[in-house]
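Student: Coordinates in protein39.cif, mmCIF, C-alpha atoms, are listed below.
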data_data
#
loop_
_atom_site.label_atom_id
_atom_site.label_comp_id
_atom_site.auth_asym_id
_atom_site.auth_seq_id
_atom_site.Cartn_x
_atom_site.Cartn_y
_atom_site.Cartn_z
CA MET A 1 -56.43 -67.79 -88.98
CA LYS A 2 -59.34 -67.48 -86.57
CA LYS A 3 -56.98 -67.57 -83.62
CA LEU A 4 -54.89 -64.82 -85.23
CA PHE A 5 -58.03 -62.76 -85.94
CA TYR A 6 -59.24 -62.99 -82.31
CA LEU A 7 -55.76 -62.14 -81.04
CA LEU A 8 -55.71 -58.96 -83.13
CA ILE A 9 -59.16 -57.99 -81.82
CA ILE A 10 -58.01 -58.46 -78.21
CA LEU A 11 -54.87 -56.38 -78.80
CA LEU A 12 -56.91 -53.64 -80.47
CA PHE A 13 -59.29 -53.29 -77.50
CA ALA A 14 -56.40 -53.41 -75.07
CA ASN A 15 -54.70 -50.53 -76.85
CA CYS A 16 -57.94 -48.53 -76.93
CA GLY A 17 -58.25 -48.99 -73.18
CA ASN A 18 -54.70 -47.79 -72.67
CA ARG A 19 -55.30 -44.66 -74.74
CA SER A 20 -58.47 -43.94 -72.77
CA ASN A 21 -56.64 -44.19 -69.44
CA HIS A 22 -53.79 -42.02 -70.68
CA SER A 23 -56.27 -39.38 -71.88
CA LYS A 24 -58.00 -39.45 -68.51
CA ASN A 25 -54.69 -38.89 -66.71
CA GLN A 26 -54.02 -35.87 -68.90
CA GLN A 27 -57.20 -34.14 -67.82
CA LYS A 28 -56.83 -31.08 -65.62
CA MET A 29 -56.81 -32.00 -61.95
CA PRO A 30 -59.23 -30.21 -59.61
CA PHE A 31 -57.89 -27.68 -57.11
CA SER A 32 -56.55 -29.12 -53.86
CA PHE A 33 -55.69 -26.93 -50.87
CA GLN A 34 -52.37 -28.14 -49.48
CA PHE A 35 -51.87 -26.07 -46.34
CA ASP A 36 -53.03 -26.46 -42.74
CA LEU A 37 -53.36 -22.88 -41.50
CA THR A 38 -53.73 -24.05 -37.91
CA LYS A 39 -50.21 -25.50 -37.93
CA PRO A 40 -47.47 -23.11 -39.07
CA THR A 41 -44.05 -24.75 -39.30
CA LYS A 42 -42.36 -21.52 -38.24
CA ILE A 43 -43.47 -18.28 -36.61
CA TYR A 44 -41.32 -15.15 -36.72
CA GLU A 45 -42.08 -12.43 -34.21
CA LEU A 46 -41.24 -9.14 -35.87
CA PRO A 47 -39.58 -6.08 -34.33
CA PRO A 48 -41.78 -3.10 -33.36
CA ILE A 49 -41.01 -1.19 -36.57
CA LEU A 50 -42.92 -3.90 -38.48
CA LYS A 51 -45.93 -3.98 -36.19
CA GLU A 52 -47.95 -2.47 -39.06
CA ILE A 53 -46.63 -4.93 -41.67
CA SER A 54 -48.83 -4.81 -44.76
CA GLY A 55 -47.15 -6.67 -47.62
CA LEU A 56 -44.65 -9.40 -48.50
CA GLY A 57 -42.64 -10.23 -51.60
CA PHE A 58 -39.70 -12.40 -52.68
CA ASN A 59 -36.96 -11.38 -55.08
CA ASP A 60 -35.09 -13.68 -57.48
CA GLN A 61 -32.61 -14.58 -54.72
CA ASN A 62 -35.52 -15.77 -52.55
CA GLU A 63 -34.97 -12.90 -50.11
CA LEU A 64 -38.07 -11.79 -48.25
CA ALA A 65 -39.05 -8.13 -48.44
CA CYS A 66 -41.69 -6.41 -46.33
CA ILE A 67 -43.58 -3.17 -46.48
CA GLN A 68 -45.51 -1.44 -43.71
CA ASP A 69 -48.29 1.07 -43.99
CA GLU A 70 -46.66 4.02 -42.30
CA ASP A 71 -43.05 4.49 -43.42
CA GLY A 72 -41.69 4.59 -46.97
CA PHE A 73 -39.11 1.83 -46.54
CA VAL A 74 -38.66 -1.55 -48.18
CA PHE A 75 -37.45 -3.90 -45.43
CA PHE A 76 -35.46 -7.06 -46.11
CA TYR A 77 -36.00 -9.77 -43.49
CA ASN A 78 -33.35 -12.47 -42.97
CA LEU A 79 -35.24 -15.70 -42.31
CA GLU A 80 -32.16 -17.56 -41.04
CA LYS A 81 -31.22 -14.91 -38.50
CA ALA A 82 -34.84 -13.81 -37.85
CA GLU A 83 -33.97 -10.15 -38.13
CA ILE A 84 -34.15 -7.18 -40.47
CA SER A 85 -31.03 -7.30 -42.63
CA ASP A 86 -31.58 -4.06 -44.53
CA LYS A 87 -34.07 -1.27 -45.14
CA VAL A 88 -34.19 1.09 -48.11
CA LEU A 89 -35.98 4.43 -48.20
CA PHE A 90 -38.00 5.02 -51.36
CA ARG A 91 -40.61 7.61 -50.34
CA LYS A 92 -41.81 9.76 -47.47
CA ALA A 93 -44.28 8.34 -44.95
CA GLY A 94 -47.54 7.03 -46.43
CA ASP A 95 -50.07 4.22 -46.46
CA TYR A 96 -48.13 1.54 -48.39
CA GLU A 97 -49.80 -1.83 -48.78
CA GLY A 98 -47.90 -4.12 -51.14
CA VAL A 99 -44.42 -4.90 -52.47
CA GLU A 100 -43.50 -7.08 -55.44
CA PHE A 101 -40.39 -7.90 -57.47
CA VAL A 102 -40.36 -8.27 -61.25
CA ASP A 103 -36.88 -9.04 -62.57
CA ASP A 104 -34.69 -6.10 -61.48
CA LEU A 105 -37.59 -3.81 -60.63
CA VAL A 106 -39.44 -3.36 -57.35
CA TYR A 107 -43.07 -2.26 -57.25
CA VAL A 108 -44.80 -0.75 -54.22
CA LEU A 109 -48.55 -0.15 -53.97
CA LYS A 110 -50.12 2.73 -52.07
CA SER A 111 -53.68 2.47 -50.76
CA ASN A 112 -54.87 5.22 -53.13
CA GLY A 113 -53.92 3.02 -56.09
CA THR A 114 -50.60 4.67 -56.98
CA ILE A 115 -47.86 2.25 -58.04
CA TYR A 116 -44.20 3.12 -57.52
CA GLU A 117 -41.70 1.47 -59.84
CA ILE A 118 -38.22 1.40 -58.31
CA GLU A 119 -35.10 0.82 -60.36
CA ASN A 120 -31.75 0.05 -58.68
CA LEU A 121 -33.28 -0.15 -55.21
CA GLY A 122 -30.88 1.10 -52.55
CA LYS A 123 -28.17 2.19 -54.98
CA ASP A 124 -26.88 5.68 -55.72
CA ASN A 125 -28.71 5.68 -59.05
CA GLN A 126 -32.05 4.59 -57.55
CA LYS A 127 -34.88 5.85 -59.73
CA ILE A 128 -38.60 5.92 -58.92
CA THR A 129 -41.46 6.29 -61.39
CA ASP A 130 -45.01 6.96 -60.17
CA TYR A 131 -48.02 5.51 -61.98
CA ASP A 132 -51.54 6.82 -61.43
CA THR A 133 -53.67 3.73 -62.01
CA GLY A 134 -57.04 5.47 -61.94
CA LEU A 135 -58.00 3.75 -58.72
CA LYS A 136 -59.06 6.07 -55.92
CA LYS A 137 -58.78 6.33 -52.18
CA ASP A 138 -62.23 4.76 -51.74
CA ASN A 139 -61.05 1.62 -53.57
CA ASP A 140 -58.54 1.12 -50.74
CA ALA A 141 -56.01 -0.87 -52.79
CA GLU A 142 -54.40 -3.35 -50.38
CA GLY A 143 -53.07 -6.42 -52.19
CA LEU A 144 -50.32 -6.61 -54.81
CA CYS A 145 -48.81 -9.58 -56.65
CA TYR A 146 -47.07 -10.40 -59.92
CA ASP A 147 -48.94 -12.56 -62.39
CA LYS A 148 -46.09 -13.81 -64.58
CA LYS A 149 -48.31 -15.68 -67.04
CA ASN A 150 -50.21 -12.51 -67.93
CA ASN A 151 -47.29 -10.10 -67.39
CA CYS A 152 -49.20 -7.89 -65.02
CA LEU A 153 -49.46 -6.78 -61.43
CA LEU A 154 -52.72 -7.67 -59.71
CA ILE A 155 -54.26 -5.19 -57.29
CA ALA A 156 -56.87 -6.39 -54.80
CA CYS A 157 -59.23 -3.67 -53.56
CA LYS A 158 -60.55 -3.78 -50.01
CA GLU A 159 -63.51 -1.44 -50.49
CA ASN A 160 -65.22 0.00 -53.59
CA ALA A 161 -65.05 -2.38 -56.55
CA GLY A 162 -65.51 0.27 -59.25
CA PHE A 163 -62.94 1.99 -61.46
CA ASN A 164 -62.24 5.73 -61.57
CA GLY A 165 -64.82 6.69 -58.97
CA GLU A 166 -67.66 4.43 -60.13
CA GLU A 167 -69.37 3.00 -57.05
CA ILE A 168 -69.98 -0.75 -57.14
CA LYS A 169 -71.22 -2.53 -54.03
CA ASN A 170 -71.63 -6.15 -52.94
CA GLN A 171 -68.56 -7.39 -54.77
CA LYS A 172 -64.78 -7.19 -54.58
CA SER A 173 -62.57 -6.52 -57.59
CA VAL A 174 -59.00 -7.38 -58.52
CA PHE A 175 -57.54 -5.16 -61.23
CA ALA A 176 -54.61 -5.87 -63.55
CA PHE A 177 -51.81 -3.35 -64.15
CA ASP A 178 -50.34 -4.23 -67.54
CA LEU A 179 -46.53 -4.15 -67.34
CA ALA A 180 -46.17 -3.78 -71.11
CA THR A 181 -48.27 -0.62 -71.34
CA LYS A 182 -47.85 0.48 -67.71
CA GLU A 183 -51.60 1.10 -67.53
CA LEU A 184 -54.45 -0.36 -65.51
CA VAL A 185 -56.96 -2.51 -67.38
CA LYS A 186 -60.29 -0.86 -66.62
CA ASN A 187 -62.33 -4.05 -66.47
CA PRO A 188 -61.49 -6.13 -63.36
CA ALA A 189 -59.39 -9.24 -63.89
CA LEU A 190 -61.27 -11.01 -61.08
CA ILE A 191 -64.71 -10.31 -59.58
CA ILE A 192 -65.97 -11.94 -56.41
CA THR A 193 -69.50 -11.20 -55.22
CA ASP A 194 -70.77 -11.34 -51.66
CA ASP A 195 -73.50 -13.78 -52.71
CA GLU A 196 -70.95 -16.19 -54.22
CA ILE A 197 -68.92 -16.16 -51.03
CA TYR A 198 -72.00 -16.64 -48.89
CA ASP A 199 -73.33 -19.51 -51.03
CA PHE A 200 -69.99 -21.31 -51.08
CA ILE A 201 -69.57 -21.05 -47.31
CA LYS A 202 -73.12 -22.25 -46.74
CA GLN A 203 -72.76 -25.18 -49.16
CA GLN A 204 -69.47 -26.26 -47.60
CA ASP A 205 -70.83 -25.75 -44.06
CA LEU A 206 -67.78 -23.71 -43.03
CA LYS A 207 -68.92 -22.80 -39.53
CA ASN A 208 -65.46 -21.84 -38.27
CA LEU A 209 -65.23 -18.65 -40.31
CA ALA A 210 -65.09 -15.39 -38.43
CA PHE A 211 -68.52 -13.93 -39.11
CA ASP A 212 -72.14 -14.48 -38.23
CA PHE A 213 -74.33 -15.93 -41.01
CA ASN A 214 -77.14 -13.64 -39.90
CA LYS A 215 -75.03 -10.54 -40.49
CA LYS A 216 -73.55 -8.97 -43.59
CA ILE A 217 -70.55 -10.84 -44.97
CA ARG A 218 -67.36 -9.06 -44.07
CA PHE A 219 -64.80 -10.09 -46.68
CA LYS A 220 -62.36 -7.28 -47.36
CA PRO A 221 -59.20 -8.33 -49.23
CA SER A 222 -55.88 -7.34 -47.74
CA GLY A 223 -53.44 -9.41 -49.81
CA ILE A 224 -53.15 -11.52 -52.96
CA ALA A 225 -50.71 -14.07 -54.40
CA VAL A 226 -50.72 -16.43 -57.36
CA LYS A 227 -49.62 -20.07 -57.38
CA ASP A 228 -50.08 -22.70 -60.11
CA GLY A 229 -52.65 -20.57 -61.92
CA PHE A 230 -54.84 -20.01 -58.86
CA TYR A 231 -55.28 -16.76 -56.96
CA TYR A 232 -55.02 -16.73 -53.18
CA ILE A 233 -56.76 -13.75 -51.59
CA ILE A 234 -56.60 -13.10 -47.85
CA ALA A 235 -58.82 -10.81 -45.79
CA SER A 236 -57.89 -9.11 -42.54
CA ILE A 237 -61.57 -8.30 -42.03
CA GLY A 238 -63.26 -11.68 -42.12
CA ASN A 239 -60.03 -13.57 -41.32
CA MET A 240 -60.25 -15.92 -44.25
CA MET A 241 -58.40 -17.03 -47.34
CA LEU A 242 -60.29 -17.39 -50.59
CA ILE A 243 -58.87 -19.13 -53.67
CA VAL A 244 -60.29 -18.53 -57.16
CA ASN A 245 -59.35 -19.62 -60.67
CA ASN A 246 -58.85 -17.26 -63.60
CA ASN A 247 -62.61 -17.24 -64.22
CA SER A 248 -63.24 -15.88 -60.70
CA GLU A 249 -64.78 -19.21 -59.67
CA ILE A 250 -64.29 -19.93 -55.99
CA GLN A 251 -62.26 -23.08 -55.43
CA HIS A 252 -61.80 -23.01 -51.68
CA ILE A 253 -62.38 -20.86 -48.60
CA VAL A 254 -60.59 -21.43 -45.32
CA ALA A 255 -60.50 -19.58 -42.02
CA ILE A 256 -57.28 -17.91 -40.91
CA PRO A 257 -56.95 -18.53 -37.15
CA LYS A 258 -57.15 -15.27 -35.23
CA ASP A 259 -55.02 -16.62 -32.40
CA ILE A 260 -52.14 -17.15 -34.86
CA LEU A 261 -52.70 -14.35 -37.38
CA PRO A 262 -55.08 -11.80 -35.80
CA LYS A 263 -54.93 -9.36 -38.73
CA PRO A 264 -53.53 -11.02 -41.87
CA GLU A 265 -52.19 -8.41 -44.27
CA GLY A 266 -49.43 -10.01 -46.33
CA ILE A 267 -49.16 -13.17 -48.43
CA ALA A 268 -46.41 -14.59 -50.65
CA PHE A 269 -45.01 -17.90 -51.87
CA ASP A 270 -41.27 -18.53 -51.98
CA LYS A 271 -39.52 -20.38 -54.82
CA ASN A 272 -40.05 -23.71 -53.01
CA GLY A 273 -43.81 -23.22 -52.76
CA LEU A 274 -43.86 -22.43 -49.04
CA LEU A 275 -46.68 -20.14 -48.00
CA PHE A 276 -45.83 -17.02 -45.99
CA LEU A 277 -48.56 -15.06 -44.21
CA ALA A 278 -47.96 -11.86 -42.25
CA SER A 279 -50.17 -10.27 -39.62
CA GLU A 280 -50.13 -6.86 -38.06
CA GLY A 281 -49.73 -6.82 -34.33
CA GLU A 282 -52.77 -6.11 -32.19
CA LYS A 283 -51.75 -6.48 -28.56
CA GLY A 284 -48.18 -7.43 -29.45
CA ASN A 285 -45.76 -7.41 -32.35
CA GLY A 286 -46.48 -8.36 -35.91
CA VAL A 287 -45.69 -11.91 -37.06
CA ILE A 288 -44.83 -13.89 -40.17
CA CYS A 289 -45.99 -17.51 -40.31
CA VAL A 290 -44.63 -20.16 -42.66
CA PHE A 291 -46.73 -23.09 -43.90
CA GLU A 292 -45.44 -26.15 -45.75
#
Once you've parsed the file, please lay out its structure as structure tokens.
Tutor:
Amino acid sequence: MKKLFYLLIILLFANCGNRSNHSKNQQKMPFSFQFDLTKPTKIYELPPILKEISGLGFNDQNELACIQDEDGFVFFYNLEKAEISDKVLFRKAGDYEGVEFVDDLVYVLKSNGTIYEIENLGKDNQKITDYDTGLKKDNDAEGLCYDKKNNCLLIACKENAGFNGEEIKNQKSVFAFDLATKELVKNPALIITDDEIYDFIKQQDLKNLAFDFNKKIRFKPSGIAVKDGFYYIIASIGNMMLIVNNNSEIQHIVAIPKDILPKPEGIAFDKNGLLFLASEGEKGNGVICVFE
């Protein structure tokens, strides 16, 4: 009986240990940055018409679309042939900064905050609806992405962080455009302060970022994308990528090499999780870089 009693005790503790290990494995894993931005696996040199490329997006067929900040076209870029396969006019010339697909609809963001919803893109019955978000020209809306989990479009502002003309300095805001109500949520979905960026960079000793610690931090968002519940925000001024969680807590900051992407403006992930970054051309043509 004693032997049986001790055997039961041993089995009980063994099972407790197994449950503890299983519980530990179920805990949420910390963020891990998976890309080496110094080593793109593919670089596409774009034609002159896309020198001012400003936004990227993928549709359900994994086709890459581009927008540029001068002409009112949505461009489709064939990655296999490395050429523009199609372009569709949706508006007259303007400062367009982002393009995103949601089911059968296409959304384009203008720098003044206006969102254009395009039905039946490129067809005879193409229909466009304009939405005034309440953002202003001084917000300089530059980044657009679809947050499927929250059924909204996210808009990253390059300049003023306030809504409807309110001036807020020393932070950057990302606003949510609710696709159910077709209205902008007035309180920012994400807030990133200059001090938080500075402290994180200093703590991590990130000396390769493109600014001087003795000068004002120059982080001005130019694009945004979401992957696995984290938000990837790139900056053409500051040449960096900043990743935050849904509580606006910085998870990672990494420099974007100026010799590869001198002015990063567009960011998107394809259905396989590959990272696509686009840069305007400075001395040459614009480029799209792919990272595995």
Student: Would you work out the distance separating atom CA of Ile267 of chain A from atom CA of Ile237 of chain A, expressed in Å to one decimal?
Tutor: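 A separation of 14.8 Å between them.
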Student: What does the distance from atom CA of Asp199 of chain A to atom CA of Pro221 of chain A come to in Å, to one decimal?
Tutor: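 The value is 18.1 Å.
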Student: Exactly which residues make up the result of the PyMOL selection byres ((chain A and resi 117-126) around 10) on this file, given as a short mmCIF file (atom, residue, chain, number, x, y, z; two decimals) with C-alpha atoms, keeping the file's coordinate frame?
Tutor:
data_model
loop_
_atom_site.label_atom_id
_atom_site.label_comp_id
_atom_site.auth_asym_id
_atom_site.auth_seq_id
_atom_site.Cartn_x
_atom_site.Cartn_y
_atom_site.Cartn_z
CA VAL A 74 -38.66 -1.55 -48.18
CA ASP A 86 -31.58 -4.06 -44.53
CA LYS A 87 -34.07 -1.27 -45.14
CA VAL A 88 -34.19 1.09 -48.11
CA LEU A 89 -35.98 4.43 -48.20
CA PHE A 90 -38.00 5.02 -51.36
CA GLU A 100 -43.50 -7.08 -55.44
CA PHE A 101 -40.39 -7.90 -57.47
CA VAL A 102 -40.36 -8.27 -61.25
CA ASP A 104 -34.69 -6.10 -61.48
CA LEU A 105 -37.59 -3.81 -60.63
CA VAL A 106 -39.44 -3.36 -57.35
CA TYR A 107 -43.07 -2.26 -57.25
CA VAL A 108 -44.80 -0.75 -54.22
CA LEU A 109 -48.55 -0.15 -53.97
CA THR A 114 -50.60 4.67 -56.98
CA ILE A 115 -47.86 2.25 -58.04
CA TYR A 116 -44.20 3.12 -57.52
CA LYS A 127 -34.88 5.85 -59.73
CA ILE A 128 -38.60 5.92 -58.92
CA THR A 129 -41.46 6.29 -61.39
CA ASP A 130 -45.01 6.96 -60.17
CA TYR A 131 -48.02 5.51 -61.98
#
Student: One number please: atom CA of Ile84 of chain A to atom CA of Cys66 of chain A, in Å, one decimal.
Tutor: 9.6 Å
Student: List the spatial neighbours of segment 270-282 of chain A as a PyMOL selection string - criterion: any atom at most 7 Å away, all atoms listed in the file, same-chain residues fewer than 4 positions off excluded.
Tutor: chain A and resi 51-53+58+62+261-266+286-292
Student: Okay, now the selection with C-alpha atoms, as an mmCIF file, keeping the file's coordinate frame?
Tutor:
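out.cif written:
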data_model
loop_
_atom_site.group_PDB
_atom_site.id
_atom_site.type_symbol
_atom_site.label_atom_id
_atom_site.label_comp_id
_atom_site.auth_asym_id
_atom_site.auth_seq_id
_atom_site.Cartn_x
_atom_site.Cartn_y
_atom_site.Cartn_z
ATOM 1 C CA LYS A 51 -45.930 -3.980 -36.190
ATOM 2 C CA GLU A 52 -47.950 -2.470 -39.060
ATOM 3 C CA ILE A 53 -46.630 -4.930 -41.670
ATOM 4 C CA PHE A 58 -39.700 -12.400 -52.680
ATOM 5 C CA ASN A 62 -35.520 -15.770 -52.550
ATOM 6 C CA LEU A 261 -52.700 -14.350 -37.380
ATOM 7 C CA PRO A 262 -55.080 -11.800 -35.800
ATOM 8 C CA LYS A 263 -54.930 -9.360 -38.730
ATOM 9 C CA PRO A 264 -53.530 -11.020 -41.870
ATOM 10 C CA GLU A 265 -52.190 -8.410 -44.270
ATOM 11 C CA GLY A 266 -49.430 -10.010 -46.330
ATOM 12 C CA GLY A 286 -46.480 -8.360 -35.910
ATOM 13 C CA VAL A 287 -45.690 -11.910 -37.060
ATOM 14 C CA ILE A 288 -44.830 -13.890 -40.170
ATOM 15 C CA CYS A 289 -45.990 -17.510 -40.310
ATOM 16 C CA VAL A 290 -44.630 -20.160 -42.660
ATOM 17 C CA PHE A 291 -46.730 -23.090 -43.900
ATOM 18 C CA GLU A 292 -45.440 -26.150 -45.750
#
Student: Using all atoms listed in the file, pick whichever of A:Asp194, A:Glu97, A:Asp36, A:Glu142 has the shortest atom-to-atom distance to Ala235 of chain A.
Tutor: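 The closest residue to Ala235 of chain A is A:Glu142.
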Student: A:Leu190, A:Thr181, A:Cys152, A:Lys220: which is nearest Asn245 of chain A, counting only C-alpha atoms?
Tutor: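 Smallest separation from Asn245 of chain A among the options: A:Leu190.
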Student: Applied to this file, what does the PyMOL selection byres ((chain A and resi 196) around 12) return in terms of residues, put as a count of residues only?
Tutor: 25
Student: Starting from the PyMOL selection byres ((chain A and resi 155) around 9), expand the selection into actual residues of this file and give them as a PyMOL selection string.
Tutor: chain A and resi 98+109+113+141-145+153-154+156-157+173-177+223-224
Student: Under the rule that only C-alpha atoms are counted, which of A:Lys136, A:Lys110, A:Lys158, A:Lys42 is the nearest residue to Glu80 of chain A?
Tutor: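 Under the stated criterion, the closest residue is A:Lys42.
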Student: Find the residues with any atom within 9 Å of (-59.3, 3.6, -60.5); use all atoms listed in the file and the coordinates as given in the file, and write the answer as a list in words.
Tutor: Asn112, Gly113, Asp132, Thr133, Gly134, Leu135, Lys136, Lys137, Asn139, Gly162, Phe163, Asn164, Gly165, Glu166, Phe175, Leu184 and Lys186 of chain A
Student: Around the point (-38.2, -15.6, -39.9), in the coordinates given by the file, pick out the residues reaching within 6 Å, counting only C-alpha atoms, and return them as a ChimeraX atom specification.
Tutor: /A:44,79,82
Student: With distances taken over all atoms listed in the file, which of A:Asn150, A:Asn285, A:Gly229, A:Asp95 is nearest to Glu45 of chain A?
Tutor: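 For Glu45 of chain A, the nearest of the candidates is A:Asn285.
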